[in-house]
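Next up, entry-v2.cif (mmCIF, C-alpha atoms):
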data_input
loop_
_atom_site.label_atom_id
_atom_site.label_comp_id
_atom_site.auth_asym_id
_atom_site.auth_seq_id
_atom_site.Cartn_x
_atom_site.Cartn_y
_atom_site.Cartn_z
CA MET A 151 24.41 -8.34 -8.93
CA THR A 152 25.43 -5.58 -6.53
CA ALA A 153 25.62 -6.01 -2.79
CA TRP A 154 22.68 -4.37 -1.00
CA PRO A 155 23.25 -1.47 1.39
CA SER A 156 22.56 -2.61 4.95
CA VAL A 157 19.56 -1.21 6.80
CA SER A 158 19.22 -2.23 10.44
CA ASN A 159 16.21 -2.55 12.70
CA ILE A 160 17.53 0.48 14.56
CA CYS A 161 17.50 2.65 11.44
CA LEU A 162 14.02 1.61 10.33
CA ASP A 163 12.54 2.03 13.79
CA LEU A 164 14.25 5.41 14.23
CA LEU A 165 12.81 6.58 10.93
CA GLU A 166 9.38 5.33 12.03
CA THR A 167 9.61 7.06 15.40
CA THR A 168 10.52 10.33 13.71
CA MET A 169 7.49 10.02 11.40
CA LYS A 170 5.22 9.95 14.46
CA LEU A 171 6.48 13.22 15.92
CA SER A 172 6.07 16.80 14.82
CA PHE A 173 9.00 18.13 12.83
CA ARG A 174 10.21 20.44 15.60
CA ALA A 175 9.85 17.82 18.34
CA ALA A 176 11.44 15.03 16.35
CA LEU A 177 14.46 16.62 14.76
CA SER A 178 16.73 17.20 17.71
CA ALA A 179 20.42 17.37 16.97
CA ALA A 180 20.86 13.79 18.17
CA THR A 181 18.03 12.56 15.97
CA LEU A 182 19.42 14.39 12.96
CA LEU A 183 22.81 12.77 13.45
CA SER A 184 21.22 9.34 13.83
CA LEU A 185 19.00 9.79 10.80
CA ALA A 186 21.98 10.92 8.75
CA ALA A 187 23.57 7.56 9.47
CA CYS A 188 20.38 5.83 8.28
CA ALA A 189 20.01 7.84 5.07
CA GLU A 190 18.83 6.27 1.84
CA PRO A 191 21.62 4.99 -0.45
CA ALA A 192 20.78 7.59 -3.09
CA GLN A 193 21.32 10.37 -0.56
CA THR A 194 24.85 9.20 0.34
CA ALA A 195 27.62 7.64 -1.69
CA LYS A 196 25.97 5.63 -4.46
CA PRO A 197 26.93 1.93 -4.32
CA ALA A 198 28.06 0.34 -7.56
CA GLY A 199 25.10 -0.99 -9.52
CA VAL A 200 22.57 1.37 -7.94
CA ALA A 201 20.80 3.49 -10.54
CA GLU A 202 20.80 7.27 -10.44
CA VAL A 203 17.45 8.84 -9.58
CA ASP A 204 15.41 10.13 -12.53
CA ARG A 205 14.05 13.41 -11.18
CA ALA A 206 11.19 13.37 -13.68
CA LEU A 207 9.59 10.12 -12.51
CA GLY A 208 11.26 9.22 -9.24
CA ASP A 209 12.97 6.26 -10.91
CA GLY A 210 16.27 4.82 -9.74
CA GLY A 211 18.16 4.78 -6.47
CA VAL A 212 17.65 1.01 -6.20
CA SER A 213 19.89 -1.93 -7.09
CA ASP A 214 20.17 -3.51 -10.50
CA PHE A 215 17.95 -6.36 -9.27
CA TYR A 216 15.03 -4.08 -10.19
CA THR A 217 16.22 -3.44 -13.76
CA PRO A 218 13.83 -5.06 -16.27
CA PRO A 219 15.16 -7.28 -19.05
CA ALA A 220 15.64 -5.58 -22.42
CA GLN A 221 12.57 -7.41 -23.68
CA VAL A 222 9.82 -7.85 -21.11
CA PRO A 223 8.08 -11.22 -21.62
CA ALA A 224 4.51 -10.87 -22.82
CA THR A 225 3.30 -13.66 -20.52
CA VAL A 226 1.92 -12.19 -17.30
CA GLY A 227 2.72 -13.71 -13.93
CA GLN A 228 6.15 -14.94 -15.02
CA MET A 229 8.97 -14.81 -12.49
CA ILE A 230 12.03 -13.05 -13.93
CA ARG A 231 14.33 -13.37 -10.94
CA THR A 232 14.43 -13.76 -7.17
CA GLN A 233 16.98 -12.76 -4.53
CA PRO A 234 17.25 -13.84 -0.88
CA VAL A 235 16.54 -11.07 1.63
CA THR A 236 19.42 -11.08 4.10
CA ASP A 237 19.82 -7.38 4.84
CA ARG A 238 16.37 -6.23 5.96
CA PRO A 239 14.56 -6.87 9.24
CA LEU A 240 11.86 -9.53 8.90
CA PRO A 241 8.90 -10.46 11.10
CA GLU A 242 9.80 -12.64 14.08
CA ASN A 243 8.10 -15.74 12.68
CA ALA A 244 9.64 -15.45 9.22
CA GLY A 245 11.82 -18.35 8.16
CA GLN A 246 13.20 -16.75 5.02
CA ALA A 247 12.24 -14.18 2.41
CA VAL A 248 13.04 -13.43 -1.22
CA ARG A 249 12.70 -10.36 -3.39
CA THR A 250 10.85 -10.96 -6.63
CA LEU A 251 10.76 -9.39 -10.08
CA TYR A 252 7.93 -10.59 -12.31
CA THR A 253 5.78 -9.68 -15.30
CA SER A 254 2.41 -7.97 -15.24
CA ILE A 255 0.43 -5.60 -17.43
CA SER A 256 -0.03 -1.90 -17.00
CA GLY A 257 -3.32 -0.86 -15.50
CA VAL A 258 -2.96 2.61 -17.02
CA ASN A 259 -4.31 3.48 -20.47
CA ALA A 260 -2.99 0.59 -22.67
CA PRO A 261 -2.37 -2.92 -21.21
CA ASP A 262 1.35 -2.93 -22.03
CA PRO A 263 3.69 -5.50 -20.44
CA VAL A 264 5.50 -4.20 -17.34
CA THR A 265 7.75 -5.60 -14.65
CA VAL A 266 6.80 -5.34 -10.99
CA SER A 267 8.85 -6.04 -7.88
CA GLY A 268 7.85 -7.48 -4.55
CA GLN A 269 8.79 -10.08 -2.00
CA ILE A 270 7.70 -13.41 -0.52
CA ILE A 271 8.02 -14.15 3.20
CA PHE A 272 7.86 -17.81 4.25
CA PRO A 273 6.96 -18.97 7.76
CA LYS A 274 9.44 -20.89 9.85
CA GLY A 275 9.34 -24.66 9.61
CA THR A 276 8.21 -27.15 7.01
CA PRO A 277 5.23 -26.31 4.79
CA PRO A 278 2.10 -28.38 5.38
CA LYS A 279 0.88 -30.89 2.82
CA GLY A 280 -0.11 -28.92 -0.26
CA GLY A 281 1.88 -25.87 0.84
CA TRP A 282 1.24 -22.83 2.96
CA PRO A 283 -1.92 -20.84 2.24
CA VAL A 284 -1.12 -17.32 1.12
CA VAL A 285 -1.79 -13.82 2.38
CA ALA A 286 -1.43 -11.34 -0.47
CA TRP A 287 -0.18 -8.30 1.45
CA GLU A 288 -1.12 -4.95 -0.11
CA HIS A 289 0.88 -2.22 1.57
CA GLY A 290 -0.13 1.29 2.54
CA THR A 291 1.26 4.53 1.18
CA THR A 292 5.05 4.73 1.13
CA GLY A 293 5.63 7.32 -1.61
CA ILE A 294 6.00 7.31 -5.39
CA ALA A 295 9.80 7.09 -5.77
CA ASP A 296 11.42 3.72 -6.46
CA ILE A 297 13.37 3.95 -3.21
CA CYS A 298 10.02 3.76 -1.39
CA ALA A 299 9.33 0.19 -2.56
CA PRO A 300 8.92 -1.97 0.58
CA SER A 301 11.09 -4.73 -0.89
CA TRP A 302 13.95 -2.20 -1.10
CA ARG A 303 13.43 -0.23 2.12
CA GLY A 304 12.11 -3.00 4.34
CA TYR A 305 9.03 -2.84 6.55
CA LEU A 306 8.70 -0.67 9.62
CA SER A 307 7.92 -2.31 12.96
CA ARG A 308 4.13 -1.84 12.71
CA ASP A 309 3.91 -3.86 9.52
CA ARG A 310 6.46 -6.43 10.66
CA ALA A 311 4.31 -7.05 13.74
CA TYR A 312 1.15 -7.25 11.65
CA LEU A 313 2.60 -9.67 9.11
CA ASP A 314 3.88 -11.73 12.02
CA HIS A 315 0.26 -12.44 13.04
CA TRP A 316 -0.31 -14.03 9.64
CA LEU A 317 2.97 -15.96 9.58
CA LYS A 318 2.26 -17.32 13.06
CA ALA A 319 -1.18 -18.45 11.84
CA GLY A 320 0.48 -20.49 9.09
CA PHE A 321 0.26 -18.19 6.07
CA ALA A 322 3.06 -17.30 3.68
CA VAL A 323 3.08 -13.65 2.61
CA VAL A 324 3.25 -12.66 -1.06
CA ALA A 325 3.69 -8.89 -1.27
CA SER A 326 3.72 -6.67 -4.35
CA ASP A 327 5.45 -3.29 -4.42
CA TYR A 328 2.86 -2.27 -7.09
CA GLN A 329 3.53 -0.99 -10.59
CA GLY A 330 6.12 1.80 -10.73
CA LEU A 331 7.47 1.38 -7.19
CA GLY A 332 10.96 -0.07 -7.46
CA THR A 333 10.61 -0.53 -11.21
CA PRO A 334 10.72 2.07 -14.03
CA GLY A 335 7.88 4.46 -14.72
CA PRO A 336 5.56 6.53 -12.54
CA HIS A 337 3.65 4.85 -9.71
CA PRO A 338 -0.13 5.04 -10.41
CA TYR A 339 -0.93 5.89 -6.81
CA LEU A 340 -4.40 4.79 -5.56
CA MET A 341 -5.46 3.42 -8.96
CA TYR A 342 -7.14 0.06 -8.41
CA ARG A 343 -6.33 -1.59 -11.77
CA PRO A 344 -2.52 -1.26 -11.72
CA GLU A 345 -2.54 -2.23 -8.05
CA GLY A 346 -4.82 -5.22 -8.65
CA TYR A 347 -2.97 -6.47 -11.72
CA SER A 348 0.34 -6.18 -9.85
CA VAL A 349 -0.98 -8.22 -6.93
CA LEU A 350 -2.71 -10.92 -8.99
CA ASN A 351 0.25 -11.43 -11.31
CA GLY A 352 2.61 -11.49 -8.35
CA LEU A 353 0.52 -14.32 -6.92
CA ARG A 354 0.67 -16.21 -10.22
CA ALA A 355 4.44 -15.83 -10.37
CA ALA A 356 4.88 -16.93 -6.75
CA LEU A 357 2.64 -19.98 -7.07
CA ALA A 358 4.41 -21.12 -10.24
CA GLN A 359 7.88 -20.57 -8.76
CA TYR A 360 7.15 -22.32 -5.45
CA LYS A 361 4.84 -25.20 -6.35
CA GLY A 362 4.25 -27.41 -3.34
CA THR A 363 5.55 -24.72 -0.98
CA LEU A 364 2.71 -22.26 -1.60
CA GLN A 365 -0.92 -23.27 -1.85
CA ASN A 366 -3.44 -21.69 -4.21
CA ARG A 367 -5.71 -20.59 -1.39
CA ILE A 368 -5.44 -16.87 -0.93
CA ILE A 369 -6.59 -14.13 1.44
CA LEU A 370 -6.18 -10.55 0.19
CA VAL A 371 -5.01 -8.31 3.04
CA GLY A 372 -4.36 -4.57 2.82
CA GLN A 373 -4.03 -1.37 4.83
CA SER A 374 -4.79 2.24 3.79
CA GLN A 375 -3.78 2.53 0.12
CA GLY A 376 -3.52 -1.24 0.33
CA GLY A 377 -6.98 -1.53 1.87
CA GLY A 378 -8.44 0.08 -1.22
CA ALA A 379 -6.08 -1.97 -3.38
CA ALA A 380 -7.26 -5.18 -1.70
CA LEU A 381 -10.89 -4.34 -2.50
CA GLY A 382 -9.95 -3.44 -6.08
CA THR A 383 -8.04 -6.72 -6.37
CA ALA A 384 -11.04 -8.60 -4.96
CA TRP A 385 -13.31 -7.02 -7.56
CA LEU A 386 -10.90 -7.77 -10.43
CA SER A 387 -9.94 -11.30 -9.48
CA PRO A 388 -13.00 -13.31 -10.69
CA GLN A 389 -12.77 -11.86 -14.20
CA TYR A 390 -9.03 -11.26 -14.57
CA ALA A 391 -7.58 -14.16 -12.57
CA PRO A 392 -10.14 -16.99 -12.17
CA ASP A 393 -7.18 -19.38 -11.86
CA LEU A 394 -6.45 -17.90 -8.42
CA HIS A 395 -8.54 -19.20 -5.52
CA VAL A 396 -9.21 -16.02 -3.57
CA LEU A 397 -11.20 -16.95 -0.47
CA GLY A 398 -11.73 -13.54 1.11
CA THR A 399 -10.47 -10.03 1.75
CA VAL A 400 -9.27 -8.18 4.85
CA ALA A 401 -8.97 -4.38 4.62
CA THR A 402 -8.13 -1.80 7.28
CA GLY A 403 -7.97 1.99 7.08
CA VAL A 404 -9.69 1.72 3.71
CA VAL A 405 -9.00 4.40 1.10
CA THR A 406 -11.35 3.81 -1.83
CA GLN A 407 -14.74 4.62 -3.27
CA PHE A 408 -17.30 2.76 -5.35
CA LYS A 409 -19.58 3.80 -8.17
CA LEU A 410 -23.02 3.99 -6.57
CA PRO A 411 -26.49 3.41 -7.98
CA ASP A 412 -28.80 6.41 -8.29
CA HIS A 413 -30.70 5.63 -5.10
CA PRO A 414 -28.50 3.70 -2.66
CA LYS A 415 -30.13 2.14 0.38
CA HIS A 416 -27.53 3.74 2.65
CA GLU A 417 -27.10 7.39 1.74
CA PRO A 418 -23.35 8.16 1.68
CA LEU A 419 -22.03 10.58 4.26
CA PRO A 420 -20.33 13.79 3.08
CA ARG A 421 -16.66 13.28 2.29
CA LEU A 422 -14.62 15.03 4.96
CA ASN A 423 -11.04 16.27 4.77
CA VAL A 424 -9.75 15.16 8.14
CA GLU A 425 -5.97 15.23 7.66
CA PRO A 426 -3.94 18.14 9.02
CA PRO A 427 -3.14 20.62 6.18
CA HIS A 428 0.55 19.69 5.89
CA MET A 429 -0.28 15.99 5.75
CA ALA A 430 -2.91 16.63 3.08
CA ALA A 431 -0.31 18.42 0.96
CA ALA A 432 2.02 15.41 1.16
CA PHE A 433 -0.71 12.99 0.09
CA GLY A 434 -1.87 15.39 -2.62
CA ILE A 435 1.52 15.63 -4.30
CA LEU A 436 1.69 11.83 -4.48
CA THR A 437 -1.58 11.81 -6.41
CA ILE A 438 -0.33 14.47 -8.82
CA GLU A 439 3.17 13.06 -9.36
CA GLY A 440 2.05 9.44 -9.31
CA SER A 441 -1.49 9.02 -10.63
CA ARG A 442 -1.96 12.06 -12.83
CA LYS A 443 1.53 11.77 -14.27
CA SER A 444 0.70 8.14 -15.10
CA LEU A 445 -2.60 9.03 -16.76
CA HIS A 446 -1.30 12.07 -18.66
CA PRO A 447 2.45 11.75 -19.32
CA GLU A 448 2.16 14.47 -21.97
CA VAL A 449 0.90 17.07 -19.46
CA ASP A 450 3.20 19.19 -17.32
CA VAL A 451 1.55 18.52 -13.97
CA ARG A 452 3.74 21.20 -12.39
CA ALA A 453 2.50 24.03 -14.62
CA ASN A 454 0.07 25.37 -12.01
CA MET A 455 2.36 24.94 -9.02
CA THR A 456 3.80 27.74 -6.95
CA ASP A 457 7.45 27.68 -5.94
CA LYS A 458 6.40 25.82 -2.79
CA GLY A 459 4.52 23.28 -4.89
CA LYS A 460 7.44 22.74 -7.26
CA ASP A 461 9.74 22.32 -4.29
CA LEU A 462 7.40 19.69 -2.84
CA SER A 463 7.15 18.00 -6.24
CA HIS A 464 10.94 17.69 -6.32
CA GLN A 465 10.96 16.17 -2.85
CA ALA A 466 8.23 13.65 -3.74
CA ARG A 467 10.36 12.26 -6.56
CA GLN A 468 13.37 11.54 -4.36
CA THR A 469 12.07 10.86 -0.83
CA CYS A 470 9.32 8.86 0.86
CA LEU A 471 6.20 9.59 2.91
CA GLY A 472 7.74 10.25 6.31
CA ASP A 473 10.21 12.71 4.79
CA LEU A 474 7.36 14.45 2.95
CA PHE A 475 5.36 14.87 6.16
CA ARG A 476 8.36 16.46 7.86
CA TYR A 477 9.15 18.61 4.83
CA THR A 478 5.65 20.06 4.41
CA GLU A 479 5.52 20.96 8.10
CA ALA A 480 9.01 22.45 8.19
CA HIS A 481 8.37 24.58 5.09
CA ASP A 482 4.69 25.33 5.81
CA ILE A 483 3.43 23.77 2.57
CA THR A 484 -0.30 23.22 2.24
CA GLU A 485 -2.59 22.56 -0.69
CA ASP A 486 -3.69 26.21 -0.46
CA ASN A 487 -0.21 27.61 -1.09
CA ALA A 488 1.22 24.87 -3.34
CA TYR A 489 -0.90 25.65 -6.42
CA ALA A 490 -1.43 28.86 -8.33
CA GLY A 491 -4.22 27.84 -10.69
CA ASP A 492 -6.99 25.37 -11.37
CA THR A 493 -5.86 21.76 -10.92
CA SER A 494 -9.26 20.17 -11.61
CA ARG A 495 -8.83 19.43 -15.32
CA LEU A 496 -7.05 16.14 -14.57
CA GLU A 497 -9.35 15.25 -11.68
CA ALA A 498 -12.08 13.45 -13.65
CA ASP A 499 -9.70 10.89 -15.16
CA PHE A 500 -8.14 10.21 -11.78
CA GLN A 501 -11.54 9.73 -10.15
CA ASP A 502 -12.45 7.18 -12.82
CA ALA A 503 -9.20 5.30 -12.19
CA PHE A 504 -9.67 5.48 -8.41
CA THR A 505 -13.35 4.49 -8.28
CA ILE A 506 -14.16 0.76 -8.31
CA PRO A 507 -17.08 0.32 -10.76
CA ASP A 508 -19.12 -2.06 -8.60
CA ALA A 509 -19.27 -2.71 -4.86
CA HIS A 510 -20.30 -6.36 -5.17
CA MET A 511 -17.54 -8.76 -4.12
CA THR A 512 -17.90 -12.48 -4.74
CA MET A 513 -16.08 -13.40 -1.51
CA PRO A 514 -16.53 -12.38 2.15
CA VAL A 515 -14.90 -9.11 3.20
CA PHE A 516 -13.62 -8.00 6.61
CA VAL A 517 -13.16 -4.25 7.16
CA GLY A 518 -11.46 -2.85 10.27
CA THR A 519 -11.85 0.86 11.07
CA GLY A 520 -10.21 2.80 13.87
CA LEU A 521 -12.69 5.41 15.05
CA ALA A 522 -9.81 7.83 15.71
CA ASP A 523 -8.61 7.58 12.09
CA ASN A 524 -7.87 11.14 10.99
CA GLU A 525 -6.08 10.06 7.79
CA ALA A 526 -8.56 7.93 5.83
CA GLY A 527 -11.43 9.28 7.94
CA VAL A 528 -14.28 7.21 9.34
CA ALA A 529 -17.10 8.60 7.18
CA GLN A 530 -15.37 7.48 3.99
CA GLN A 531 -14.84 4.00 5.41
CA TYR A 532 -18.50 3.78 6.41
CA ASN A 533 -19.43 4.77 2.85
CA ALA A 534 -17.32 1.95 1.41
CA VAL A 535 -18.82 -0.60 3.80
CA ALA A 536 -22.37 0.63 3.14
CA ALA A 537 -21.85 0.45 -0.62
CA MET A 538 -20.64 -3.14 -0.40
CA CYS A 539 -23.54 -4.09 1.86
CA ASP A 540 -26.05 -2.51 -0.52
CA ALA A 541 -24.47 -4.47 -3.40
CA GLY A 542 -24.96 -7.78 -1.60
CA THR A 543 -21.40 -8.37 -0.40
CA ASN A 544 -20.93 -10.46 2.74
CA VAL A 545 -19.23 -7.80 4.91
CA THR A 546 -18.00 -8.01 8.49
CA TRP A 547 -17.29 -4.47 9.71
CA LYS A 548 -15.46 -4.03 12.98
CA THR A 549 -14.82 -0.62 14.52
CA TYR A 550 -12.22 0.11 17.19
CA SER A 551 -12.82 2.98 19.60
CA GLY A 552 -9.81 5.22 20.13
CA LEU A 553 -7.64 3.49 17.54
CA THR A 554 -6.09 5.52 14.74
CA HIS A 555 -5.28 4.78 11.12
CA ASN A 556 -2.06 3.13 12.31
CA GLY A 557 -3.41 1.69 15.55
CA ALA A 558 -6.21 -0.28 13.91
CA VAL A 559 -3.78 -2.35 11.83
CA ASN A 560 -2.53 -4.56 14.67
CA GLY A 561 -5.57 -3.75 16.80
CA SER A 562 -7.82 -5.57 14.33
CA ALA A 563 -5.70 -8.72 13.99
CA ALA A 564 -7.52 -10.52 16.81
CA ASP A 565 -10.64 -10.36 14.64
CA SER A 566 -9.26 -10.55 11.10
CA VAL A 567 -6.97 -13.57 11.50
CA PRO A 568 -9.80 -15.81 12.86
CA PHE A 569 -12.00 -14.48 10.03
CA ALA A 570 -9.41 -15.71 7.51
CA LEU A 571 -8.83 -19.03 9.26
CA ALA A 572 -12.57 -19.71 9.17
CA LEU A 573 -12.53 -19.17 5.41
CA LEU A 574 -9.70 -21.70 5.08
CA LYS A 575 -11.94 -24.23 6.85
CA GLY A 576 -14.77 -23.54 4.42
CA HIS A 577 -16.87 -21.48 6.84
CA HIS A 578 -18.32 -18.20 5.60
CA PRO A 579 -18.63 -15.81 8.53
CA LYS A 580 -22.04 -14.22 8.88
CA GLY A 581 -21.68 -10.54 8.03
CA ASN A 582 -23.16 -7.67 10.00
CA CYS A 583 -24.57 -5.49 7.22
CA ALA A 584 -27.98 -5.48 8.92
CA THR A 585 -26.59 -3.60 11.92
CA ILE A 586 -24.14 -1.07 10.45
CA LYS A 587 -24.75 2.53 11.45
CA PRO A 588 -23.39 5.79 10.05
CA VAL A 589 -20.33 7.12 11.84
CA SER A 590 -18.51 10.29 10.86
CA GLU A 591 -17.06 11.88 14.00
CA VAL A 592 -13.36 11.16 14.47
CA GLU A 593 -12.60 10.24 18.07
CA LYS A 594 -9.54 11.19 20.08
CA ALA A 595 -6.73 8.65 20.00
CA LEU A 596 -6.22 6.51 23.08
CA PRO A 597 -2.79 7.10 24.65
CA GLY A 598 -0.32 4.41 25.62
CA ILE A 599 -0.99 2.06 22.69
CA ARG A 600 1.92 1.23 20.43
CA TRP A 601 1.63 2.58 16.88
CA ASN A 602 -1.56 4.46 17.85
CA ASN A 603 -0.20 7.78 16.59
#

Let me see whether you can do it: turn the structure in this file into structure tokens.
Amino acid sequence: MTAWPSVSNICLDLLETTMKLSFRAALSAATLLSLAACAEPAQTAKPAGVAEVDRALGDGGVSDFYTPPAQVPATVGQMIRTQPVTDRPLPENAGQAVRTLYTSISGVNAPDPVTVSGQIIFPKGTPPKGGWPVVAWEHGTTGIADICAPSWRGYLSRDRAYLDHWLKAGFAVVASDYQGLGTPGPHPYLMYRPEGYSVLNGLRAALAQYKGTLQNRIILVGQSQGGGAALGTAWLSPQYAPDLHVLGTVATGVVTQFKLPDHPKHEPLPRLNVEPPHMAAAFGILTIEGSRKSLHPEVDVRANMTDKGKDLSHQARQTCLGDLFRYTEAHDITEDNAYAGDTSRLEADFQDAFTIPDAHMTMPVFVGTGLADNEAGVAQQYNAVAAMCDAGTNVTWKTYSGLTHNGAVNGSAADSVPFALALLKGHHPKGNCATIKPVSEVEKALPGIRWNN
């Protein structure tokens, strides 16, 4: 097994800081020199054992740990291998962590066996009797290339701080990279089935591998893409994985939608495009290169792209989200100038794969929304909450004035961690569906709050 390229706290936090700034403000000469020193392995000399990047799917650029066996076992939730994490920054209250490679099934088209990567983070100290309860962490958007898998890149400081809340509260963290991130094949971005299967089978593999250390009492926790994934996982779990004891779900910055009845009690608010145009182009190319490429491998998804669109497509298959944000701004790429023709013919299949068929969850759900969220938007999050309330789900919805998509992650922990601890004690928090009110206006972000960009 190859040695892993080192990535320091300084590099990860520098990359994160650069993501928060505009391209022109961030990329000073000093920053460029520093970022060059923190470049991804695939962008510098390739270490032995690190696969070349497949420009068609974004595969490669990661170590041979992620290489599947020649014959993938048909049994889902089977651990293939683990590896200690010694070269990535961990949350302060982490005792140790391991990377994982395990079996799952594809959530795209046919249920073929696949391998999925991830990691497990254990708290410091000795596990309690029966083992540590588990937070299944479902990460937000990182990109579609294998090098964007959190188990390979490490977590930025926002997520390390957030996971630290859960570790400090006595939870172990079982985190999936999701299908196609780190492992071969396209990443079915924002599609709830591949995300949900990846998470549930990762939990099965972790519980089997660490009997007595991990306890089969689980809270699903996700942010952004992962917030939608957590709700999709919650919906799938009673039918697909009844062997897993999922007690509840925590979701922030939710990106999802539900199939609605003809006459919902709460009329959904109009869907608003709130992201800046360059940001929207970056997210859009991930959907095309990840989800639509997964659903229709036979279709040339770049056929209707302009030169700008093809350039962005190339970038999406070899870099990650922060780089894409900077690239679209630097090269003035928007959804208006990236495509030359109609791109709607693949939209219906993606919407089906994105939309959760039913908003009824069998366990309590906590949703945290920053009212200054200009990425997921606040109207869309209200719609998701309202749909779950109408379907009879026990929902606790907390809103945070002046907090953004990023700011609400740690800003909500003071509410979400006690919510989860109450579930561990057998208490079902009383939801607040009776008092939810429509909210669509995005507030201005409060200054001076860390990660509230």

Under the rule of at most 12 Å, produce a per-residue listing of range 322-394 of chain A near range 552-567 of chain A: chain, number, name, the closest pair of atoms, and the distance in Å, as a Markdown table, using all atoms listed in the file.
| residue | atom | partner | partner_atom | distance |
| --- | --- | --- | --- | --- |
| A:Ile369 | CA | A:Val567 | CA | 10.1 |
| A:Leu370 | CA | A:Ser566 | CA | 11.3 |
| A:Val371 | CA | A:Ser566 | CA | 9.4 |
| A:Gly372 | CA | A:Val559 | CA | 9.3 |
| A:Gln373 | CA | A:Val559 | CA | 7.1 |
| A:Ser374 | CA | A:His555 | CA | 7.8 |
| A:Gln375 | CA | A:His555 | CA | 11.3 |
| A:Gly376 | CA | A:Val559 | CA | 11.6 |
| A:Gly377 | CA | A:Val559 | CA | 10.5 |

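Residues with any atom within 10 Å of Gln501 in chain A, counting all atoms listed in the file and excluding same-chain neighbours fewer than 6 positions away, are Leu340, Met341 and Gln407 of chain A.
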
- Atom pair CA of Pro568 in chain A / CA of Ile271 in chain A: separation (Å): 20.3 Å

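Coordinates place CA of Phe516 in chain A at a distance of 19.5 Å from CA of Pro418 in chain A.
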
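Of the residues under consideration (A:Gln468, A:Thr250, A:Thr484, A:Asn533), A:Thr250 shows the shortest atom-to-atom contact distance to Leu353 in chain A when counting all atoms listed in the file.
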
- Within 9 Å of Ala247 in chain A, counting only C-alpha atoms, which residues show up once you throw out same-chain ones fewer than 6 positions away? Write them as an NGL selection string, please. :A and (233-236 or 240 or 269-273)

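Among A:Arg476, A:Lys594, A:Arg421, A:Arg354, the residue with the shortest atom-to-atom distance to Gly227 in chain A, counting only C-alpha atoms, is A:Arg354.
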
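Across the model, the gap from CA of Pro336 in chain A to CA of Ile438 in chain A is 10.6 Å.
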
Closest atom pairs, range 198-280 of chain A residues within 7 Å of range 312-320 of chain A, all atoms listed in the file, as CSV:
residue,atom,partner,partner_atom,distance
A:Pro241,CA,A:Asp314,CA,5.3
A:Glu242,CA,A:Asp314,CA,6.3
A:Asn243,CA,A:Asp314,CA,5.9
A:Ala244,CA,A:Leu317,CA,6.7
A:Pro273,CA,A:Leu317,CA,5.3

- Message: Can you pull out the residues contacting Gly581 in chain A? Cut-off 9 Å, using only C-alpha atoms, and skip same-chain residues under 6 positions away; I want them as a PyMOL selection string.
- Response: chain A and resi 514-516+543-547

Would you save the residues of that selection, restricted to C-alpha atoms, as a short mmCIF file (atom, residue, chain, number, x, y, z; two decimals), keeping the file's coordinate frame?
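Generated file (selection-v2.cif):
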data_model
loop_
_atom_site.label_atom_id
_atom_site.label_comp_id
_atom_site.auth_asym_id
_atom_site.auth_seq_id
_atom_site.Cartn_x
_atom_site.Cartn_y
_atom_site.Cartn_z
CA PRO A 514 -16.53 -12.38 2.15
CA VAL A 515 -14.90 -9.11 3.20
CA PHE A 516 -13.62 -8.00 6.61
CA THR A 543 -21.40 -8.37 -0.40
CA ASN A 544 -20.93 -10.46 2.74
CA VAL A 545 -19.23 -7.80 4.91
CA THR A 546 -18.00 -8.01 8.49
CA TRP A 547 -17.29 -4.47 9.71
#

- Find the residues near range 286-294 of chain A: any atom within 9 Å, counting all atoms listed in the file, skip ones fewer than 3 places away on the same chain, and give them as an NGL selection string. :A and (207-209 or 297-300 or 309 or 313 or 322-328 or 330-331 or 336-340 or 345 or 349-350 or 352-353 or 368-380 or 433 or 436-437 or 439-440 or 466-472 or 474)
